[in-house]
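data28.tsv (TSV, C-alpha atoms)
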```
chain	number	residue	atom	x	y	z
A	1	MET	CA	-27.08	68.96	185.82
A	2	ASP	CA	-25.46	67.01	182.97
A	3	ARG	CA	-27.10	64.22	181.00
A	4	SER	CA	-25.65	61.35	183.07
A	5	ALA	CA	-26.48	62.94	186.41
A	6	ALA	CA	-30.03	63.70	185.24
A	7	LEU	CA	-30.61	60.09	184.20
A	8	ALA	CA	-29.13	58.76	187.44
A	9	THR	CA	-31.48	61.00	189.45
A	10	LYS	CA	-34.48	59.80	187.45
A	11	ILE	CA	-33.49	56.16	187.93
A	12	ARG	CA	-33.20	56.57	191.69
A	13	THR	CA	-36.52	58.42	191.81
A	14	VAL	CA	-38.40	55.81	189.79
A	15	PHE	CA	-36.89	52.64	191.29
A	16	ALA	CA	-36.32	53.98	194.84
A	17	PRO	CA	-33.38	51.68	195.66
A	18	CYS	CA	-32.19	51.15	199.23
A	19	SER	CA	-29.23	53.21	200.39
A	20	LEU	CA	-26.51	50.64	201.10
A	21	GLY	CA	-23.29	52.23	199.88
A	22	ALA	CA	-21.39	55.50	199.74
A	23	TRP	CA	-21.49	56.63	196.12
A	24	PRO	CA	-19.62	57.44	194.04
A	25	THR	CA	-16.81	55.00	194.67
A	26	ARG	CA	-13.52	56.61	193.85
A	27	VAL	CA	-11.45	56.09	190.72
A	28	GLU	CA	-7.85	55.60	191.79
A	29	PRO	CA	-4.97	56.23	189.37
A	30	GLN	CA	-2.12	53.73	189.47
A	31	PRO	CA	0.74	55.37	187.50
A	32	ALA	CA	3.54	53.12	188.82
A	33	LEU	CA	1.58	49.93	188.16
A	34	ALA	CA	0.62	51.26	184.73
A	35	ARG	CA	4.30	51.74	183.87
A	36	ALA	CA	5.09	48.20	185.05
A	37	LEU	CA	2.41	46.95	182.66
A	38	GLY	CA	3.60	49.18	179.83
A	39	MET	CA	0.42	51.27	179.86
A	40	GLN	CA	-0.11	54.97	179.52
A	41	ALA	CA	-2.65	55.03	182.36
A	42	LEU	CA	-4.40	52.60	184.68
A	43	TRP	CA	-7.26	53.38	187.04
A	44	LEU	CA	-9.01	51.20	189.62
A	45	LYS	CA	-12.74	51.65	190.08
A	46	ARG	CA	-12.80	50.96	193.82
A	47	GLU	CA	-16.08	49.08	194.25
A	48	ASP	CA	-14.30	47.06	196.93
A	49	LEU	CA	-14.32	50.06	199.25
A	50	ALA	CA	-18.14	50.12	199.32
A	51	GLY	CA	-18.50	46.49	200.39
A	52	GLY	CA	-17.89	45.03	196.94
A	53	ASN	CA	-19.62	45.35	193.61
A	54	LYS	CA	-22.64	43.28	194.69
A	55	VAL	CA	-23.89	46.08	196.93
A	56	ARG	CA	-24.81	48.07	193.80
A	57	GLY	CA	-27.35	45.50	192.69
A	58	LEU	CA	-28.64	44.70	196.16
A	59	GLU	CA	-29.81	48.30	196.54
A	60	PHE	CA	-32.39	47.45	193.87
A	61	LEU	CA	-33.05	43.81	194.80
A	62	LEU	CA	-33.86	44.55	198.46
A	63	SER	CA	-35.86	47.67	197.73
A	64	GLY	CA	-39.48	47.77	198.86
A	65	ALA	CA	-39.58	44.51	200.79
A	66	PRO	CA	-41.46	44.64	204.13
A	67	ARG	CA	-39.40	44.38	207.31
A	68	ARG	CA	-38.64	40.83	208.47
A	69	SER	CA	-38.79	39.63	204.86
A	70	VAL	CA	-36.51	36.69	204.07
A	71	PHE	CA	-34.16	36.55	201.11
A	72	VAL	CA	-32.80	33.28	199.76
A	73	THR	CA	-29.74	33.07	197.54
A	74	ILE	CA	-26.97	30.74	196.44
A	75	GLY	CA	-23.20	30.88	196.03
A	76	GLY	CA	-19.88	29.27	196.75
A	77	GLU	CA	-18.64	29.02	200.31
A	78	GLY	CA	-16.48	32.04	199.53
A	79	SER	CA	-19.14	33.91	197.56
A	80	SER	CA	-18.84	37.69	197.88
A	81	HIS	CA	-22.44	37.92	196.68
A	82	ALA	CA	-23.73	35.64	199.43
A	83	LEU	CA	-21.84	37.64	202.03
A	84	ALA	CA	-23.01	41.01	200.69
A	85	THR	CA	-26.61	39.73	200.64
A	86	ALA	CA	-26.46	38.51	204.22
A	87	ARG	CA	-24.82	41.69	205.52
A	88	THR	CA	-26.92	44.26	203.68
A	89	ALA	CA	-30.18	42.39	204.31
A	90	THR	CA	-29.45	42.29	208.04
A	91	ALA	CA	-28.70	46.02	208.01
A	92	GLN	CA	-32.14	46.61	206.45
A	93	GLY	CA	-33.96	44.47	209.02
A	94	TYR	CA	-34.33	41.44	206.76
A	95	ARG	CA	-33.26	37.83	207.16
A	96	THR	CA	-31.34	35.51	204.87
A	97	ALA	CA	-31.01	31.84	204.04
A	98	VAL	CA	-28.04	30.90	201.90
A	99	ALA	CA	-27.31	27.63	200.08
A	100	VAL	CA	-23.59	27.22	199.48
A	101	PHE	CA	-21.42	24.79	197.55
A	102	ALA	CA	-17.83	23.83	198.27
A	103	GLN	CA	-14.95	25.63	196.60
A	104	PRO	CA	-11.18	25.45	197.00
A	105	GLU	CA	-9.91	26.97	200.23
A	106	THR	CA	-7.87	30.16	200.07
A	107	ASP	CA	-7.34	32.88	202.65
A	108	ALA	CA	-10.04	34.90	200.91
A	109	SER	CA	-12.61	32.10	200.64
A	110	ARG	CA	-12.09	31.07	204.27
A	111	SER	CA	-12.57	34.64	205.46
A	112	VAL	CA	-15.74	35.03	203.40
A	113	ALA	CA	-17.14	31.67	204.53
A	114	GLU	CA	-16.65	32.63	208.18
A	115	ALA	CA	-18.27	36.00	207.59
A	116	ILE	CA	-21.28	34.38	205.84
A	117	ALA	CA	-21.74	32.02	208.79
A	118	ASN	CA	-21.72	35.01	211.14
A	119	SER	CA	-24.07	37.13	209.02
A	120	ALA	CA	-26.73	34.84	207.50
A	121	ASN	CA	-29.61	33.49	209.58
A	122	LEU	CA	-29.27	30.09	207.91
A	123	VAL	CA	-26.53	28.50	205.82
A	124	VAL	CA	-27.26	25.18	204.10
A	125	ARG	CA	-24.17	23.46	202.71
A	126	ALA	CA	-24.29	21.09	199.77
A	127	SER	CA	-21.97	18.10	200.13
A	128	ASN	CA	-21.27	18.19	196.38
A	129	VAL	CA	-22.54	19.68	193.13
A	130	LEU	CA	-25.14	16.93	192.70
A	131	THR	CA	-26.78	17.74	196.03
A	132	LEU	CA	-26.81	21.51	195.48
A	133	PRO	CA	-30.46	21.59	194.26
A	134	TRP	CA	-31.50	19.86	197.48
A	135	ALA	CA	-29.57	22.40	199.52
A	136	VAL	CA	-31.39	25.21	197.73
A	137	LEU	CA	-34.74	23.48	198.37
A	138	ARG	CA	-33.93	23.06	202.06
A	139	ALA	CA	-32.94	26.71	202.33
A	140	TRP	CA	-36.14	27.81	200.57
A	141	ARG	CA	-38.36	25.68	202.82
A	142	ALA	CA	-36.59	26.81	205.98
A	143	ALA	CA	-36.90	30.44	204.89
A	144	HIS	CA	-40.67	30.25	205.33
A	145	HIS	CA	-40.09	29.94	209.08
A	146	LEU	CA	-37.50	32.70	209.40
A	147	GLY	CA	-39.71	35.71	208.80
A	148	ARG	CA	-42.94	37.03	207.38
A	149	GLY	CA	-44.53	36.27	204.05
A	150	LYS	CA	-43.20	34.34	201.11
A	151	PRO	CA	-39.40	34.36	200.80
A	152	HIS	CA	-37.73	36.41	198.06
A	153	TRP	CA	-35.35	34.65	195.68
A	154	ILE	CA	-32.12	36.37	194.56
A	155	PRO	CA	-30.24	34.58	191.74
A	156	GLY	CA	-26.65	33.55	192.31
A	157	GLY	CA	-24.33	36.51	191.95
A	158	GLY	CA	-27.34	38.83	191.96
A	159	ALA	CA	-27.67	38.32	188.20
A	160	ASP	CA	-31.01	40.11	187.82
A	161	PRO	CA	-31.93	42.95	185.42
A	162	ARG	CA	-32.79	45.19	188.40
A	163	ALA	CA	-29.31	44.68	189.82
A	164	VAL	CA	-27.76	45.48	186.44
A	165	ILE	CA	-29.21	48.98	186.74
A	166	GLY	CA	-27.03	49.49	189.81
A	167	HIS	CA	-23.91	48.63	187.83
A	168	PHE	CA	-25.12	50.87	185.01
A	169	LEU	CA	-25.16	53.75	187.51
A	170	ALA	CA	-21.57	52.92	188.46
A	171	THR	CA	-20.57	53.41	184.83
A	172	LEU	CA	-22.30	56.78	184.72
A	173	GLU	CA	-20.20	57.71	187.76
A	174	LEU	CA	-17.09	56.76	185.85
A	175	ALA	CA	-18.04	59.16	183.05
A	176	ASP	CA	-17.94	62.02	185.56
A	177	GLN	CA	-14.66	60.85	187.08
A	178	LEU	CA	-12.55	60.62	183.91
A	179	GLU	CA	-11.87	63.47	181.52
A	180	THR	CA	-12.07	61.21	178.47
A	181	PRO	CA	-13.34	57.65	177.92
A	182	PRO	CA	-10.85	54.85	178.63
A	183	ASP	CA	-9.76	52.49	175.88
A	184	THR	CA	-10.72	49.41	177.90
A	185	ILE	CA	-12.64	48.44	181.01
A	186	VAL	CA	-11.74	45.06	182.51
A	187	ALA	CA	-13.86	43.28	185.14
A	188	PRO	CA	-14.29	39.76	186.53
A	189	LEU	CA	-17.20	37.87	184.94
A	190	GLY	CA	-18.92	35.62	187.47
A	191	THR	CA	-22.63	35.65	186.65
A	192	GLY	CA	-22.59	38.61	184.27
A	193	GLY	CA	-24.48	41.35	186.09
A	194	THR	CA	-21.59	43.75	186.61
A	195	SER	CA	-20.25	43.42	183.06
A	196	ALA	CA	-23.80	43.79	181.73
A	197	GLY	CA	-24.23	47.08	183.56
A	198	ILE	CA	-20.85	48.35	182.37
A	199	ALA	CA	-21.59	47.37	178.76
A	200	LEU	CA	-24.99	49.06	178.92
A	201	GLY	CA	-23.45	52.20	180.39
A	202	VAL	CA	-20.70	52.34	177.77
A	203	ALA	CA	-23.32	51.95	175.02
A	204	TRP	CA	-25.57	54.69	176.43
A	205	LEU	CA	-22.62	57.05	176.81
A	206	GLY	CA	-21.65	56.41	173.18
A	207	TRP	CA	-18.11	55.38	174.09
A	208	SER	CA	-15.96	53.20	171.85
A	209	THR	CA	-14.44	51.62	174.99
A	210	ARG	CA	-13.91	47.85	174.90
A	211	VAL	CA	-15.63	46.06	177.78
A	212	ILE	CA	-13.77	42.89	178.71
A	213	GLY	CA	-15.25	40.39	181.14
A	214	VAL	CA	-12.76	37.82	182.37
A	215	ARG	CA	-14.65	34.59	182.98
A	216	VAL	CA	-14.08	33.17	186.48
A	217	SER	CA	-17.16	30.91	186.65
A	218	PRO	CA	-18.42	27.98	184.56
A	219	ARG	CA	-19.43	28.87	181.03
A	220	ILE	CA	-23.07	27.97	181.68
A	221	VAL	CA	-23.45	31.07	183.87
A	222	ALA	CA	-20.57	33.22	182.59
A	223	ASN	CA	-21.01	33.77	178.87
A	224	ARG	CA	-21.54	36.53	176.35
A	225	TRP	CA	-25.13	35.62	175.49
A	226	ARG	CA	-26.29	35.75	179.10
A	227	THR	CA	-24.42	38.97	179.83
A	228	LEU	CA	-25.90	40.78	176.82
A	229	ARG	CA	-29.35	39.43	177.66
A	230	LEU	CA	-29.11	40.89	181.17
A	231	ALA	CA	-28.07	44.26	179.73
A	232	ARG	CA	-30.98	44.30	177.28
A	233	GLN	CA	-33.43	43.26	179.99
A	234	ALA	CA	-32.21	46.10	182.21
A	235	ALA	CA	-32.69	48.57	179.35
A	236	ALA	CA	-36.21	47.27	178.77
A	237	LEU	CA	-36.96	47.54	182.48
A	238	MET	CA	-36.02	51.21	182.50
A	239	ARG	CA	-38.20	51.90	179.47
A	240	GLN	CA	-41.11	50.04	181.06
A	241	ALA	CA	-40.70	52.26	184.11
A	242	GLY	CA	-41.31	55.29	181.91
A	243	LEU	CA	-37.73	56.46	181.44
A	244	GLU	CA	-36.55	57.74	178.09
A	245	PHE	CA	-33.80	55.25	177.43
A	246	THR	CA	-32.68	54.52	173.91
A	247	VAL	CA	-29.68	52.32	173.22
A	248	PRO	CA	-29.24	50.54	169.87
A	249	ARG	CA	-29.14	46.81	170.49
A	250	SER	CA	-25.97	46.41	168.41
A	251	SER	CA	-24.10	49.02	170.49
A	252	ILE	CA	-24.16	46.86	173.65
A	253	ARG	CA	-20.94	44.88	173.37
A	254	VAL	CA	-18.79	42.77	175.67
A	255	GLU	CA	-15.77	40.57	175.05
A	256	ILE	CA	-15.32	37.43	177.13
A	257	VAL	CA	-11.87	36.18	178.11
A	258	ASP	CA	-11.53	32.74	179.68
A	259	GLY	CA	-9.62	33.13	182.94
A	260	MET	CA	-11.18	30.37	185.05
A	261	GLY	CA	-8.48	27.73	184.68
A	262	ARG	CA	-9.13	24.46	186.50
A	263	GLY	CA	-12.43	25.65	187.94
A	264	TYR	CA	-14.27	28.20	190.06
A	265	GLY	CA	-12.21	29.26	193.03
A	266	TYR	CA	-9.02	27.50	191.93
A	267	PRO	CA	-6.09	29.93	191.64
A	268	THR	CA	-4.38	30.01	188.25
A	269	GLU	CA	-0.71	30.51	187.43
A	270	GLU	CA	-1.49	33.66	185.44
A	271	GLY	CA	-3.71	34.98	188.20
A	272	GLU	CA	-1.07	34.44	190.85
A	273	ARG	CA	1.50	36.26	188.71
A	274	ALA	CA	-0.93	39.15	188.34
A	275	ARG	CA	-1.71	39.12	192.04
A	276	ALA	CA	1.98	39.22	192.98
A	277	LEU	CA	2.65	42.11	190.60
A	278	ALA	CA	-0.32	44.13	191.85
A	279	GLU	CA	0.71	43.54	195.46
A	280	GLN	CA	4.11	45.12	194.77
A	281	PHE	CA	2.20	48.37	194.17
A	282	GLY	CA	-0.16	48.07	197.13
A	283	VAL	CA	-3.11	46.57	195.25
A	284	ARG	CA	-4.61	43.55	197.01
A	285	LEU	CA	-6.46	41.07	194.80
A	286	ASP	CA	-8.31	37.90	195.72
A	287	PRO	CA	-7.47	34.69	193.77
A	288	THR	CA	-11.04	33.83	192.71
A	289	TYR	CA	-12.13	37.06	191.02
A	290	GLY	CA	-9.67	39.94	191.02
A	291	ALA	CA	-6.40	38.12	190.29
A	292	LYS	CA	-7.85	36.19	187.36
A	293	ALA	CA	-9.41	39.32	185.87
A	294	PHE	CA	-6.23	41.35	186.36
A	295	SER	CA	-4.21	38.66	184.59
A	296	ALA	CA	-5.83	39.77	181.32
A	297	LEU	CA	-3.82	42.98	181.61
A	298	LEU	CA	-0.63	40.94	181.29
A	299	SER	CA	-1.65	39.74	177.83
A	300	PRO	CA	-0.75	41.81	174.73
A	301	THR	CA	-4.11	40.79	173.24
A	302	TYR	CA	-6.03	42.79	175.83
A	303	HIS	CA	-3.41	45.43	176.47
A	304	ALA	CA	-4.63	48.99	176.02
A	305	PRO	CA	-2.96	52.37	176.67
A	306	ARG	CA	-5.69	53.65	179.02
A	307	THR	CA	-7.47	51.03	181.09
A	308	VAL	CA	-9.94	50.93	183.98
A	309	PHE	CA	-9.89	47.84	186.18
A	310	TRP	CA	-13.13	47.17	188.08
A	311	HIS	CA	-11.94	46.26	191.58
A	312	THR	CA	-14.89	44.24	192.90
A	313	PHE	CA	-13.84	42.09	195.85
A	314	ALA	CA	-14.23	43.44	199.41
A	315	TRP	CA	-12.14	41.54	201.94
A	316	PRO	CA	-14.20	40.73	205.06
```

Let's see the structure in the file written out as structure tokens.
Amino acid sequence: MDRSAALATKIRTVFAPCSLGAWPTRVEPQPALARALGMQALWLKREDLAGGNKVRGLEFLLSGAPRRSVFVTIGGEGSSHALATARTATAQGYRTAVAVFAQPETDASRSVAEAIANSANLVVRASNVLTLPWAVLRAWRAAHHLGRGKPHWIPGGGADPRAVIGHFLATLELADQLETPPDTIVAPLGTGGTSAGIALGVAWLGWSTRVIGVRVSPRIVANRWRTLRLARQAAALMRQAGLEFTVPRSSIRVEIVDGMGRGYGYPTEEGERARALAEQFGVRLDPTYGAKAFSALLSPTYHAPRTVFWHTFAWP
């Protein structure tokens, strides 16, 4: 058993996460799309095929809760995190209350919103951003009547150090799937958990790979400081659990690219160009996360010969 596999086994033994996905997710080469972008090689890390990237973290966030527990979370009406929480919690015998805020309507957001309504036990909609705290409070209070015991809170996007460990494991998978480290890994940056796990994994592996998070959410939740903090908290959590885990603080690095445009959920011109190009080669991207992140690959600034794109969005 190699070093990465040994650590992954220890992590799963110590933290005992739920089993929610089929791992590893495959790494899919895209030679024709790479040539269109002027790259030597492009791979997709197909997290979308396992229900989306949020499933990774939910394996840790749902772990150990008694049956009929209630989980409360927050997200946009088209939040892939809210949907993944509702679906995976139901599959584990739990219940969910979700507070959602409005976002621009697209085919993807409408599909997700419908799926959330069909999966969550309670959906509380905020009429606007100012009333969102009240929607969260209403969801939290109602959650006390949905199941047993005190409800469990999951931060928006699943941005929790425990969840970051799940994304760290995904990066260890990648090390076994590629013969040599990529030059760059590009991922959407919503609340930071996925990019934090990737950055922590790259640091532990000793790679020189650039980790680029393309910001698709407001800066208050999607920023470098918060992402690095989540990575460091996850590392500390593993050490506290008794694992030998040494990563120099300075080696955990992530670059943030602003791809949000007008606001969360609003398609951008660059994103739509990227989405149209990817679609020509059979790659389907959503406008809120994937298209905006993929648009970074069109820029010479973030162009690299060998790139991995973290494909995170699972269409309902």

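Counting only C-alpha atoms, the residue from A:Ala36, A:Val308, A:Ala278, A:Ala117 that sits nearest to Pro181 of chain A is A:Val308.
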
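Nearest to Ala5 of chain A of all the residues A:Leu169, A:Leu146, A:Val27, A:Leu61 is A:Leu169, based on all atoms listed in the file.
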
Using only C-alpha atoms: which of A:Leu20, A:Ala102, A:Ala293, A:Val186 has the shortest distance to Phe60 of chain A:
A:Leu20

Which residue out of A:Pro218, A:Gly190, A:Pro31, A:Pro161 has the minimum interatomic distance to Gln233 of chain A when only C-alpha atoms are used?
A:Pro161

Contact residues around Thr96 of chain A with only C-alpha atoms at 8 Å, ignoring same-chain residues under 5 positions, as a PDB file with C-alpha atoms, keeping the file's coordinate frame:
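Printed below is part-v3.pdb as written:
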```pdb
ATOM      1  CA  VAL A  70     -36.510  36.690 204.070  1.00  0.00           C
ATOM      2  CA  PHE A  71     -34.160  36.550 201.110  1.00  0.00           C
ATOM      3  CA  VAL A  72     -32.800  33.280 199.760  1.00  0.00           C
ATOM      4  CA  THR A  73     -29.740  33.070 197.540  1.00  0.00           C
ATOM      5  CA  THR A  85     -26.610  39.730 200.640  1.00  0.00           C
ATOM      6  CA  ALA A  86     -26.460  38.510 204.220  1.00  0.00           C
ATOM      7  CA  ALA A  89     -30.180  42.390 204.310  1.00  0.00           C
ATOM      8  CA  THR A  90     -29.450  42.290 208.040  1.00  0.00           C
ATOM      9  CA  ALA A 120     -26.730  34.840 207.500  1.00  0.00           C
ATOM     10  CA  ASN A 121     -29.610  33.490 209.580  1.00  0.00           C
ATOM     11  CA  LEU A 122     -29.270  30.090 207.910  1.00  0.00           C
ATOM     12  CA  ALA A 143     -36.900  30.440 204.890  1.00  0.00           C
TER      13      ALA A 143
END
```

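The shortest atom-to-atom distance to Leu83 of chain A, with all atoms listed in the file taken into account, belongs to A:Ala314 out of A:Leu230, A:Ala314, A:Leu277, A:Leu237.
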
May I have the residues within 8 Å of Thr171 of chain A as number ranges by chain, using all atoms listed in the file and disregarding those fewer than 3 positions away in the same chain?
A: 167-168, 174-175, 197-198, 201-202

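Comparing A:Leu44, A:Cys18, A:Leu297, A:Ala304 by their smallest distance to Gln30 of chain A, the closest is A:Leu44 (using all atoms listed in the file).
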